[in-house]
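Undergrad: Here you go, one structure.
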Amino acid sequence: MKKNASNQQTIRCDVESCKYNNEEGTCGLEEIQVSCDCDNDQCFCSDETICSSFKEKKKKKDE
């Protein structure tokens, strides 16, 4: 995350299927919840973490 000119954080996101991801590749939420899918929250690599704030984008009717 980085802070922009108005001193707000920017959350970068590459997940195009998330409804909060905009065209610039940033998350529209003010904050996100990150959790872990490993036992007892003992994570040792990034593959074990997930964005719990993810919501799938609704598909357009013509797709």
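Residue numbers start at 1 in each chain; chains themselves are named A, B, ... in the order of the structure tokens; ligands are numbered from 1 in the order shown.
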Got a sec: who's within 12 Å of A:Val15, counting only C-alpha atoms, leaving out chain neighbours fewer than 4 positions off, as a PyMOL selection string?

TA: chain A and resi 11+19-27+50-51+53-57

Undergrad: Which of chain A counts as helix (DSSP H, G or I) under DSSP, as a list in words please?

TA: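 Residues meeting the helix (DSSP H, G or I) criterion: Asp39, Asn40, Asp41, Ser46, Asp47 and Glu48 of chain A.
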
Undergrad: Can you list, as a list in words, all residues belonging to chain A that DSSP tags as strand (DSSP E)?

TA: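 Assigned to strand (DSSP E), within chain A: Lys2, Lys3, Gln9, Thr10, Val34, Ser35, Cys36, Thr49, Ile50 and Cys51 of chain A.
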
Undergrad: Which value, in Å to one decimal, gives the distance between atom CA of A:Gln9 and atom CA of A:Asp47?

TA: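 Pair atom CA of A:Gln9 / atom CA of A:Asp47 returns 23.7 Å.
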
Undergrad: Mind giving me the straight-line distance from atom CA of A:Glu30 to atom CA of A:Thr10 in Å, one decimal?

TA: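 Taking atom CA of A:Glu30 as the start and atom CA of A:Thr10 as the end point, the length is 8.3 Å.
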
Undergrad: Extract, using only C-alpha atoms, all DNA, RNA and protein residues at most 12 Å from A:Cys38, discarding same-chain residues fewer than 3 positions from it, and format them as a PyMOL selection string.

TA: chain A and resi 35+41-50
